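**Q** Contents of final.tsv (TSV, C-alpha atoms) are below:
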chain	number	residue	atom	x	y	z
A	1	MET	CA	8.45	-7.62	-18.06
A	2	ASN	CA	7.24	-9.72	-15.17
A	3	PRO	CA	4.45	-12.06	-16.45
A	4	VAL	CA	2.10	-11.35	-13.50
A	5	TYR	CA	2.67	-7.60	-13.88
A	6	GLU	CA	2.08	-7.84	-17.63
A	7	LYS	CA	-1.25	-9.60	-17.06
A	8	TYR	CA	-2.70	-6.75	-14.97
A	9	ILE	CA	-1.09	-3.62	-16.37
A	10	LYS	CA	-2.30	-1.34	-19.16
A	11	LYS	CA	0.74	-1.53	-21.41
A	12	GLU	CA	-0.26	1.48	-23.52
A	13	SER	CA	0.03	3.78	-20.49
A	14	LEU	CA	3.55	2.73	-19.51
A	15	PRO	CA	5.95	4.00	-18.21
A	16	THR	CA	4.26	4.82	-14.90
A	17	LEU	CA	4.67	8.36	-13.56
A	18	PHE	CA	6.38	7.11	-10.40
A	19	CYS	CA	9.92	8.41	-9.87
A	20	PRO	CA	12.75	5.83	-9.88
A	21	GLY	CA	12.64	3.88	-6.60
A	22	CYS	CA	9.15	5.04	-5.56
A	23	GLY	CA	7.42	2.79	-3.04
A	24	SER	CA	4.11	3.03	-4.89
A	25	GLY	CA	5.42	0.59	-7.49
A	26	ILE	CA	6.17	-2.01	-4.80
A	27	ILE	CA	2.65	-1.58	-3.37
A	28	GLN	CA	1.19	-1.88	-6.88
A	29	MET	CA	3.10	-5.13	-7.35
A	30	ALA	CA	1.91	-6.46	-3.95
A	31	ALA	CA	-1.71	-5.62	-4.82
A	32	ILE	CA	-1.37	-7.28	-8.24
A	33	ARG	CA	0.06	-10.43	-6.68
A	34	ALA	CA	-2.68	-10.52	-4.03
A	35	ILE	CA	-5.42	-10.16	-6.67
A	36	ASP	CA	-3.72	-12.75	-8.88
A	37	GLN	CA	-3.38	-15.26	-6.07
A	38	MET	CA	-7.05	-14.88	-5.10
A	39	GLY	CA	-8.09	-15.11	-8.78
A	40	ILE	CA	-10.69	-12.34	-8.47
A	41	LYS	CA	-9.70	-10.06	-11.36
A	42	ASP	CA	-13.32	-9.57	-12.48
A	43	GLU	CA	-14.67	-8.98	-8.98
A	44	VAL	CA	-12.31	-6.19	-7.93
A	45	ALA	CA	-13.04	-2.50	-8.33
A	46	CYS	CA	-10.47	0.12	-7.35
A	47	VAL	CA	-11.08	3.66	-6.12
A	48	SER	CA	-8.43	6.31	-5.58
A	49	GLY	CA	-8.16	9.99	-4.76
A	50	ILE	CA	-5.47	12.50	-5.70
A	51	GLY	CA	-1.77	12.12	-5.07
A	52	CYS	CA	1.16	10.01	-6.23
A	53	SER	CA	-0.21	6.93	-4.47
A	54	SER	CA	-3.62	7.40	-6.05
A	55	TRP	CA	-2.08	6.71	-9.46
A	56	ILE	CA	-1.44	3.08	-8.43
A	57	PRO	CA	-4.78	1.63	-9.67
A	58	CYS	CA	-4.88	3.84	-12.79
A	59	TYR	CA	-2.35	1.57	-14.50
A	60	LEU	CA	-4.27	-1.61	-13.64
A	61	ASP	CA	-6.54	-3.32	-16.14
A	62	LEU	CA	-9.48	-3.31	-13.67
A	63	ASP	CA	-12.54	-1.16	-12.95
A	64	VAL	CA	-11.11	2.06	-11.56
A	65	ILE	CA	-12.49	5.38	-10.29
A	66	HIS	CA	-9.90	8.15	-10.00
A	67	SER	CA	-11.88	10.54	-7.86
A	68	LEU	CA	-11.54	13.93	-6.17
A	69	HIS	CA	-8.95	14.90	-3.60
A	70	GLY	CA	-9.79	13.26	-0.27
A	71	ARG	CA	-13.08	11.83	-1.49
A	72	SER	CA	-11.89	8.34	-2.41
A	73	LEU	CA	-13.68	6.81	0.59
A	74	ALA	CA	-16.89	8.71	-0.19
A	75	PHE	CA	-16.87	7.34	-3.75
A	76	ALA	CA	-15.95	3.87	-2.50
A	77	GLN	CA	-18.83	3.77	0.00
A	78	GLY	CA	-21.26	4.79	-2.75
A	79	LEU	CA	-19.86	2.12	-5.05
A	80	LYS	CA	-20.14	-0.52	-2.32
A	81	LEU	CA	-23.79	0.38	-1.68
A	82	ALA	CA	-24.56	0.27	-5.40
A	83	ARG	CA	-22.58	-2.92	-6.09
A	84	PRO	CA	-22.28	-4.96	-2.89
A	85	ASP	CA	-20.99	-7.94	-4.91
A	86	LYS	CA	-17.73	-6.15	-5.77
A	87	LYS	CA	-14.61	-6.29	-3.65
A	88	ILE	CA	-13.44	-2.70	-3.36
A	89	LEU	CA	-9.82	-1.75	-3.00
A	90	VAL	CA	-9.14	1.89	-2.13
A	91	PHE	CA	-5.70	3.41	-2.71
A	92	THR	CA	-5.10	6.65	-0.91
A	93	GLY	CA	-2.22	8.69	0.45
A	94	ASP	CA	-1.52	10.18	3.85
A	95	GLY	CA	-2.51	13.70	2.80
A	96	ASP	CA	-5.52	12.39	0.89
A	97	CYS	CA	-6.78	10.14	3.70
A	98	LEU	CA	-5.78	11.95	6.90
A	99	ALA	CA	-5.91	15.64	5.96
A	100	ILE	CA	-8.65	16.47	3.47
A	101	GLY	CA	-10.35	13.07	3.66
A	102	GLY	CA	-10.04	12.62	7.41
A	103	ASN	CA	-13.76	12.83	8.04
A	104	HIS	CA	-14.51	10.21	5.42
A	105	LEU	CA	-12.03	7.85	7.08
A	106	ILE	CA	-13.62	8.37	10.50
A	107	HIS	CA	-17.15	7.78	9.25
A	108	SER	CA	-16.43	4.81	7.03
A	109	ALA	CA	-14.54	3.13	9.88
A	110	ALA	CA	-17.44	3.82	12.24
A	111	ARG	CA	-19.89	2.31	9.72
A	112	ASN	CA	-17.69	-0.78	9.32
A	113	ILE	CA	-18.48	-0.88	5.59
A	114	ASP	CA	-16.77	-3.66	3.62
A	115	LEU	CA	-13.85	-1.81	2.00
A	116	THR	CA	-10.12	-2.48	1.89
A	117	VAL	CA	-8.20	0.77	2.27
A	118	VAL	CA	-4.50	0.83	1.44
A	119	MET	CA	-3.10	4.08	2.82
A	120	VAL	CA	0.33	4.83	1.37
A	121	ASN	CA	2.14	6.88	3.98
A	122	ASN	CA	5.30	8.60	2.76
A	123	ARG	CA	5.05	11.23	5.53
A	124	ILE	CA	5.03	14.08	3.00
A	125	TYR	CA	3.04	15.69	0.18
A	126	GLY	CA	5.21	14.21	-2.55
A	127	MET	CA	3.33	15.27	-5.67
A	128	THR	CA	3.14	19.00	-4.90
A	129	GLY	CA	6.77	19.47	-3.88
A	130	GLY	CA	7.40	18.05	-0.41
A	131	GLN	CA	5.19	20.03	1.96
A	132	LYS	CA	4.46	18.86	5.51
A	133	SER	CA	1.61	16.34	5.74
A	134	PRO	CA	-0.43	15.27	8.81
A	135	ALA	CA	1.73	12.15	9.09
A	136	SER	CA	5.06	14.05	9.13
A	137	LEU	CA	7.11	13.20	12.19
A	138	LYS	CA	7.86	15.76	14.89
A	139	GLY	CA	11.05	17.62	14.05
A	140	MET	CA	10.98	16.59	10.41
A	141	LYS	CA	12.38	19.18	8.01
A	142	THR	CA	10.19	19.74	4.97
A	143	LYS	CA	9.66	22.55	2.43
A	144	THR	CA	7.00	24.16	4.63
A	145	SER	CA	8.68	23.39	7.96
A	146	PRO	CA	12.36	24.27	7.34
A	147	ALA	CA	13.17	24.50	11.07
A	148	GLY	CA	11.49	21.17	11.85
A	149	SER	CA	7.84	20.30	12.28
A	150	LEU	CA	6.21	21.18	15.61
A	151	ASP	CA	3.11	19.03	15.24
A	152	GLU	CA	2.65	15.52	16.49
A	153	PRO	CA	1.95	13.11	13.62
A	154	VAL	CA	-1.56	11.75	13.08
A	155	ASP	CA	-1.57	7.98	13.48
A	156	GLY	CA	-4.02	6.63	10.90
A	157	CYS	CA	-4.03	3.12	12.38
A	158	LYS	CA	-4.93	4.31	15.88
A	159	LEU	CA	-7.61	6.61	14.45
A	160	ALA	CA	-9.19	3.76	12.47
A	161	GLU	CA	-8.95	1.43	15.47
A	162	ALA	CA	-10.61	3.95	17.78
A	163	MET	CA	-13.43	4.47	15.32
A	164	GLY	CA	-14.12	0.75	15.16
A	165	ALA	CA	-12.34	-0.55	12.06
A	166	THR	CA	-12.32	-4.34	12.26
A	167	TYR	CA	-9.05	-5.05	10.46
A	168	VAL	CA	-6.05	-2.75	10.96
A	169	ALA	CA	-2.52	-3.53	9.84
A	170	ARG	CA	0.62	-1.55	9.17
A	171	TRP	CA	3.50	-2.68	6.97
A	172	THR	CA	6.26	-1.01	5.00
A	173	THR	CA	7.46	-1.33	1.43
A	174	ALA	CA	10.48	-3.21	2.83
A	175	HIS	CA	8.08	-6.07	3.74
A	176	PRO	CA	6.46	-6.94	0.37
A	177	ILE	CA	5.50	-10.53	1.27
A	178	GLN	CA	3.72	-9.53	4.49
A	179	LEU	CA	2.05	-6.61	2.67
A	180	GLU	CA	0.71	-8.97	0.00
A	181	LYS	CA	-0.66	-11.22	2.74
A	182	ALA	CA	-2.26	-8.26	4.52
A	183	ILE	CA	-4.01	-7.11	1.32
A	184	THR	CA	-5.30	-10.67	0.77
A	185	GLU	CA	-6.57	-10.85	4.37
A	186	GLY	CA	-8.11	-7.38	4.10
A	187	MET	CA	-10.03	-8.32	0.97
A	188	ASN	CA	-11.22	-11.59	2.51
A	189	HIS	CA	-12.26	-9.77	5.69
A	190	HIS	CA	-15.96	-8.85	5.84
A	191	GLY	CA	-15.78	-5.33	7.22
A	192	PHE	CA	-13.65	-2.20	7.12
A	193	ALA	CA	-10.01	-3.12	6.56
A	194	PHE	CA	-7.39	-0.42	6.94
A	195	ILE	CA	-3.81	-1.14	5.87
A	196	GLU	CA	-1.21	1.57	6.31
A	197	VAL	CA	1.95	1.16	4.26
A	198	LEU	CA	5.01	3.21	5.10
A	199	SER	CA	6.54	4.09	1.77
A	200	GLN	CA	9.64	5.92	0.65
A	201	CYS	CA	9.70	9.10	-1.42
A	202	PRO	CA	13.26	9.27	-2.79
A	203	VAL	CA	12.75	12.71	-4.36
A	204	GLN	CA	11.02	14.77	-1.65
A	205	GLY	CA	10.97	12.74	1.53
A	206	SER	CA	14.63	12.20	2.33
A	207	SER	CA	14.14	13.63	5.85
A	208	ALA	CA	11.46	11.05	6.73
A	209	PHE	CA	13.68	7.98	6.47
A	210	GLY	CA	17.14	9.46	6.86
A	211	ASP	CA	18.64	8.62	3.49
A	212	LYS	CA	18.58	9.85	-0.09
A	213	THR	CA	18.72	6.58	-2.01
A	214	PRO	CA	15.68	4.24	-2.23
A	215	ALA	CA	17.76	1.26	-1.07
A	216	GLY	CA	19.04	3.15	1.98
A	217	MET	CA	15.49	4.27	2.83
A	218	LEU	CA	14.26	0.67	2.70
A	219	LYS	CA	17.10	-0.39	5.00
A	220	ASN	CA	16.30	2.43	7.46
A	221	MET	CA	12.61	1.58	7.32
A	222	LYS	CA	13.38	-1.90	8.64
A	223	GLU	CA	15.47	-0.35	11.42
A	224	TYR	CA	12.89	2.25	12.44
A	225	THR	CA	10.05	-0.27	12.79
A	226	TRP	CA	9.24	-3.10	15.18
A	227	ILE	CA	7.00	-6.06	14.27
A	228	LYS	CA	4.25	-6.52	16.87
A	229	LYS	CA	4.63	-9.61	19.03
A	230	LYS	CA	2.12	-10.77	21.61
A	231	GLY	CA	3.13	-10.11	25.21
A	232	GLU	CA	6.01	-7.78	24.39
A	233	ALA	CA	6.00	-4.04	24.95
A	234	PRO	CA	7.03	-2.02	21.88
A	235	PRO	CA	10.28	-0.03	22.07
A	236	PRO	CA	9.39	3.65	22.58
A	237	ASP	CA	11.34	5.05	19.63
A	238	LYS	CA	10.06	2.63	17.00
A	239	THR	CA	6.93	2.44	14.84
A	240	VAL	CA	4.90	-0.68	15.51
A	241	ILE	CA	4.10	-2.68	12.38
A	242	GLY	CA	2.20	-5.90	11.81
A	243	LEU	CA	-1.41	-6.94	12.28
A	244	LEU	CA	-2.78	-4.53	14.89
A	245	VAL	CA	-6.52	-5.31	15.08
A	246	HIS	CA	-8.64	-8.20	13.80
A	247	ARG	CA	-12.20	-8.30	15.18
A	248	THR	CA	-15.26	-10.17	13.99
A	249	ASP	CA	-17.73	-8.92	16.59
A	250	ARG	CA	-19.15	-6.00	14.61
A	251	LEU	CA	-21.94	-6.06	12.00
A	252	GLU	CA	-21.07	-5.01	8.47
A	253	TYR	CA	-22.88	-1.92	7.12
A	254	THR	CA	-24.40	-3.30	3.89
A	255	ASP	CA	-25.63	-6.44	5.69
A	256	GLN	CA	-27.92	-4.44	7.95
A	257	HIS	CA	-29.12	-1.96	5.35
A	258	VAL	CA	-32.84	-2.33	4.62
A	259	LEU	CA	-32.50	-1.58	0.90
A	260	MET	CA	-29.71	-4.09	0.28
A	261	PRO	CA	-30.36	-7.48	-1.31
A	262	GLY	CA	-29.91	-9.95	1.53
A	263	GLY	CA	-29.98	-7.14	4.07
A	264	THR	CA	-32.48	-6.73	6.87
A	265	SER	CA	-35.98	-6.69	5.34
A	266	SER	CA	-38.26	-3.71	6.02
A	267	ASP	CA	-40.65	-5.93	8.05
A	268	LYS	CA	-37.88	-6.56	10.54
A	269	PRO	CA	-36.60	-3.34	12.09
A	270	ILE	CA	-32.85	-2.91	12.53
A	271	GLU	CA	-31.89	-4.21	15.92
A	272	PRO	CA	-29.72	-1.98	18.06
A	273	ALA	CA	-26.19	-3.34	18.25
A	274	LYS	CA	-25.35	-5.38	21.32
A	275	GLU	CA	-21.65	-4.66	21.05
A	276	LYS	CA	-19.78	-2.93	23.79
A	277	ARG	CA	-19.38	0.77	23.14
A	278	GLY	CA	-16.14	2.60	23.75
A	279	MET	CA	-12.51	1.97	23.06
A	280	PRO	CA	-11.66	-1.50	21.73
A	281	ASN	CA	-9.01	-1.94	24.41
A	282	ASP	CA	-11.45	-1.53	27.31
B	283	MET	CA	19.65	-23.02	-14.38
B	284	THR	CA	17.37	-20.25	-13.22
B	285	GLU	CA	16.79	-17.59	-15.82
B	286	ILE	CA	16.66	-13.98	-14.63
B	287	ILE	CA	15.23	-11.64	-17.23
B	288	LEU	CA	15.67	-7.89	-16.77
B	289	ASP	CA	13.48	-5.83	-19.10
B	290	SER	CA	15.59	-2.80	-19.97
B	291	LYS	CA	12.55	-0.94	-21.35
B	292	CYS	CA	10.83	-0.99	-17.94
B	293	CYS	CA	13.88	-0.41	-15.72
B	294	LYS	CA	14.20	3.08	-14.22
B	295	GLY	CA	17.58	2.46	-12.59
B	296	CYS	CA	16.59	2.81	-8.92
B	297	ASP	CA	19.18	0.18	-7.80
B	298	ILE	CA	16.80	-1.45	-5.28
B	299	CYS	CA	17.55	-4.89	-6.77
B	300	ILE	CA	21.30	-4.37	-6.28
B	301	ALA	CA	20.79	-3.69	-2.57
B	302	ILE	CA	18.06	-6.25	-1.91
B	303	CYS	CA	19.46	-9.43	-3.53
B	304	PRO	CA	20.97	-11.66	-0.81
B	305	ARG	CA	23.33	-13.27	-3.35
B	306	GLN	CA	24.49	-10.08	-5.12
B	307	ILE	CA	23.31	-11.26	-8.51
B	308	PHE	CA	22.65	-7.72	-9.75
B	309	ILE	CA	25.66	-5.42	-10.04
B	310	LYS	CA	26.12	-1.84	-11.19
B	311	SER	CA	27.15	-1.52	-14.81
B	312	LYS	CA	27.76	1.06	-17.49
B	313	LYS	CA	24.92	-0.31	-19.62
B	314	ARG	CA	22.16	2.13	-20.50
B	315	ASN	CA	18.70	1.60	-21.97
B	316	ALA	CA	17.03	3.57	-24.76
B	317	GLN	CA	16.06	6.38	-22.35
B	318	GLY	CA	19.65	6.70	-21.13
B	319	THR	CA	18.95	5.20	-17.69
B	320	PRO	CA	21.84	3.18	-16.22
B	321	ILE	CA	20.57	-0.38	-15.77
B	322	PRO	CA	22.10	-3.15	-13.61
B	323	ASP	CA	23.92	-6.17	-14.98
B	324	VAL	CA	22.88	-9.75	-14.13
B	325	VAL	CA	25.77	-12.00	-13.12
B	326	HIS	CA	26.21	-15.37	-11.34
B	327	LYS	CA	22.74	-16.64	-12.27
B	328	ASP	CA	23.71	-20.09	-10.98
B	329	GLN	CA	23.76	-18.76	-7.39
B	330	CYS	CA	20.08	-17.72	-7.47
B	331	THR	CA	17.98	-19.40	-4.78
B	332	GLU	CA	14.66	-18.23	-6.30
B	333	CYS	CA	13.58	-16.24	-3.27
B	334	ARG	CA	11.95	-13.87	-5.81
B	335	LEU	CA	12.56	-10.84	-3.62
B	336	CYS	CA	13.76	-8.88	-6.67
B	337	GLU	CA	10.48	-9.62	-8.47
B	338	LYS	CA	8.48	-8.36	-5.50
B	339	MET	CA	10.63	-5.32	-4.77
B	340	CYS	CA	11.06	-4.03	-8.34
B	341	PRO	CA	8.74	-0.98	-8.50
B	342	ASP	CA	8.38	-1.28	-12.27
B	343	GLY	CA	7.93	-5.04	-12.74
B	344	ALA	CA	11.09	-5.21	-14.84
B	345	ILE	CA	12.49	-8.43	-13.36
B	346	SER	CA	11.15	-11.93	-13.88
B	347	VAL	CA	12.70	-15.07	-12.41
B	348	GLU	CA	11.95	-18.21	-14.40
B	349	ARG	CA	12.72	-21.68	-13.23
B	350	GLY	CA	14.86	-23.35	-15.85
B	351	THR	CA	14.92	-27.06	-16.68
B	352	LYS	CA	18.00	-28.86	-15.48
Using the file provided, produce a representation of the structure as C-alpha cells.
**A**
Amino acid sequence: MNPVYEKYIKKESLPTLFCPGCGSGIIQMAAIRAIDQMGIKDEVACVSGIGCSSWIPCYLDLDVIHSLHGRSLAFAQGLKLARPDKKILVFTGDGDCLAIGGNHLIHSAARNIDLTVVMVNNRIYGMTGGQKSPASLKGMKTKTSPAGSLDEPVDGCKLAEAMGATYVARWTTAHPIQLEKAITEGMNHHGFAFIEVLSQCPVQGSSAFGDKTPAGMLKNMKEYTWIKKKGEAPPPDKTVIGLLVHRTDRLEYTDQHVLMPGGTSSDKPIEPAKEKRGMPND
Amino acid sequence: MTEIILDSKCCKGCDICIAICPRQIFIKSKKRNAQGTPIPDVVHKDQCTECRLCEKMCPDGAISVERGTK
C-alpha cells in the first residue's frame, strides 16, 4: 500500500466501495496528498452528502460528517460557524450539489463562507443505477433518457461564479497533479472555493465519456477538455478546465459576523459592502 | 534501482496503470489476487523515471514507488 495513503486511510474499513477504475479513488488520493503536503491533518474536517463521491472522506482518518442527501453544504456552514478554526473540505456529487442541494450551493457561494467544495461530476446518478443528473450532457443516453437527454446541462462552475464564489476551478481525474494543486489553493484561499472535478463512472456512465474502460474514459476526458489560457477563446465543443476565477475583493462571511471571535464587534455595526454588485465579468 | 511495489490486496484490476505509464512498466498478466481479480505485472523497473503518475492515478493506493539506493 502507498505509504501516504496508508497514513490517512482507515485500514479496517478497506476495501473501499468504489468500483474498479472509479474516479473517486483518484480524487481521494489527490485530497490526501494535498492535506499531507500542507501538514494540516489535525485542522481538517470533512463533510459529505449522499452518493458515491460522498464516500470519499468516510475512509479518511479525519473528522468526518456523512450527512443527508444534498445537505452537505448546510452542515458544512454550520460547522464553520461553530468551529471557525477548522479548514473544511466538502465532498459532494453532481446530483447532491446541483439537484437537491442546489439552493445550498447558491447561498453558500453568495455568503462567501470559507469552505472548500470538491464537486465530483460524473454526469450521472451512479449509485442508484445511472439515471440522468442535472449535469448530464444534451443528447446523452442514460437509464431515464433512453432516446437522449433533452435538457441543457447545469454548469456548476458558472453558477458558483455568478453567485460570487471567490475561487472556482475545474479539473478532471486525468489531471491529478493540477487537481492536487487546486485543492491546496482552495484550502489556503480565505473564502468560498468551488472545485469541480470531471470524473469517470466506468459502470454506469459510459455514454458521458464515450468509452467503457476507465483508461479509455481518462483518455477521452483529456480530448474533450481545453485548459484555459489567457487571451485565447475556448473551442466551442470543448469543456473549459483550469483555474476559472480567483478574487480577493470580497469579505469572508465569518469575519464579518458579530458573534464570531475576531469578527466585527457589536459596538461597530456591519458596514455595507463597497463591492460592485452584478456579474463578475462586468 | 527504483522499487515499484504493487499491493495485490488493494488492487481491483482497473488497468489504469497499464494505460497511464509512459514507459509501459505495467503489463497485463494472468496473475490473480486472493479475491480473484486479475492484477498487472511489473516489468522493466530499470526504465522507471519516477514520474509517480501511477501512484497518483491508482484509485486504490495500491502502487508505491520507492527510490532505491544505487
**Q** Could the residues of chain A within 12 Å of chain B, counting all atoms listed in the file, be given as a PyMOL selection string, please?
**A** chain A and resi 1-9+11+14-34+56+59+172-180+199-203+212-219
**Q** Could you give me, as a VMD selection string, the residues that sit within 7 Å of (-12.3, -3.7, -2.9) in the file's coordinates, counting all atoms listed in the file?
**A** chain A and resid 44 to 46 86 to 90 115 to 116 187
**Q** I need the chosen residues saved as a PDB file, in the coordinates of the input, with C-alpha atoms.
**A**
ATOM      1  CA  VAL A  44     -12.310  -6.190  -7.930  1.00  0.00           C
ATOM      2  CA  ALA A  45     -13.040  -2.500  -8.330  1.00  0.00           C
ATOM      3  CA  CYS A  46     -10.470   0.120  -7.350  1.00  0.00           C
ATOM      4  CA  LYS A  86     -17.730  -6.150  -5.770  1.00  0.00           C
ATOM      5  CA  LYS A  87     -14.610  -6.290  -3.650  1.00  0.00           C
ATOM      6  CA  ILE A  88     -13.440  -2.700  -3.360  1.00  0.00           C
ATOM      7  CA  LEU A  89      -9.820  -1.750  -3.000  1.00  0.00           C
ATOM      8  CA  VAL A  90      -9.140   1.890  -2.130  1.00  0.00           C
ATOM      9  CA  LEU A 115     -13.850  -1.810   2.000  1.00  0.00           C
ATOM     10  CA  THR A 116     -10.120  -2.480   1.890  1.00  0.00           C
ATOM     11  CA  MET A 187     -10.030  -8.320   0.970  1.00  0.00           C
TER      12      MET A 187
END
**Q** Which polymer residues have any atom within 8 Å of an atom of range 128-133 of chain A, counting only C-alpha atoms, with same-chain residues fewer than 2 positions away left out, as a compact mmCIF listing (two decimals) with C-alpha atoms, in the frame of the given file?
**A**
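Result written to selection_38.txt:
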# COMPACT_ATOMS: atom_id res chain seq x y z
CA ASP A 94 -1.52 10.18 3.85
CA GLY A 95 -2.51 13.70 2.80
CA ALA A 99 -5.91 15.64 5.96
CA ARG A 123 5.05 11.23 5.53
CA ILE A 124 5.03 14.08 3.00
CA TYR A 125 3.04 15.69 0.18
CA GLY A 126 5.21 14.21 -2.55
CA ALA A 135 1.73 12.15 9.09
CA SER A 136 5.06 14.05 9.13
CA THR A 142 10.19 19.74 4.97
CA LYS A 143 9.66 22.55 2.43
CA THR A 144 7.00 24.16 4.63
CA SER A 145 8.68 23.39 7.96
CA SER A 149 7.84 20.30 12.28
CA GLN A 204 11.02 14.77 -1.65
CA GLY A 205 10.97 12.74 1.53
**Q** For CA of Ile241 in chain A and CA of Ile106 in chain A, determine how far apart the two atoms are, in Å to one decimal place.
**A** 21.0 Å
**Q** Pick out the residues sitting within 12 Å of Glu185 in chain A, and hand them over as a list of chain:residue names; count all atoms listed in the file, and ignore anything fewer than 2 positions along from it in its own chain.
**A**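 Residues near the query, excluding close chain neighbours: A:Ala31, A:Ala34, A:Ile35, A:Gln37, A:Met38, A:Leu115, A:Thr116, A:Val117, A:Thr166, A:Tyr167, A:Val168, A:Ala169, A:Gln178, A:Leu179, A:Glu180, A:Lys181, A:Ala182, A:Ile183, A:Met187, A:Asn188, A:His189, A:His190, A:Gly191, A:Phe192, A:Ala193, A:Phe194, A:Ile195, A:Leu243, A:His246.
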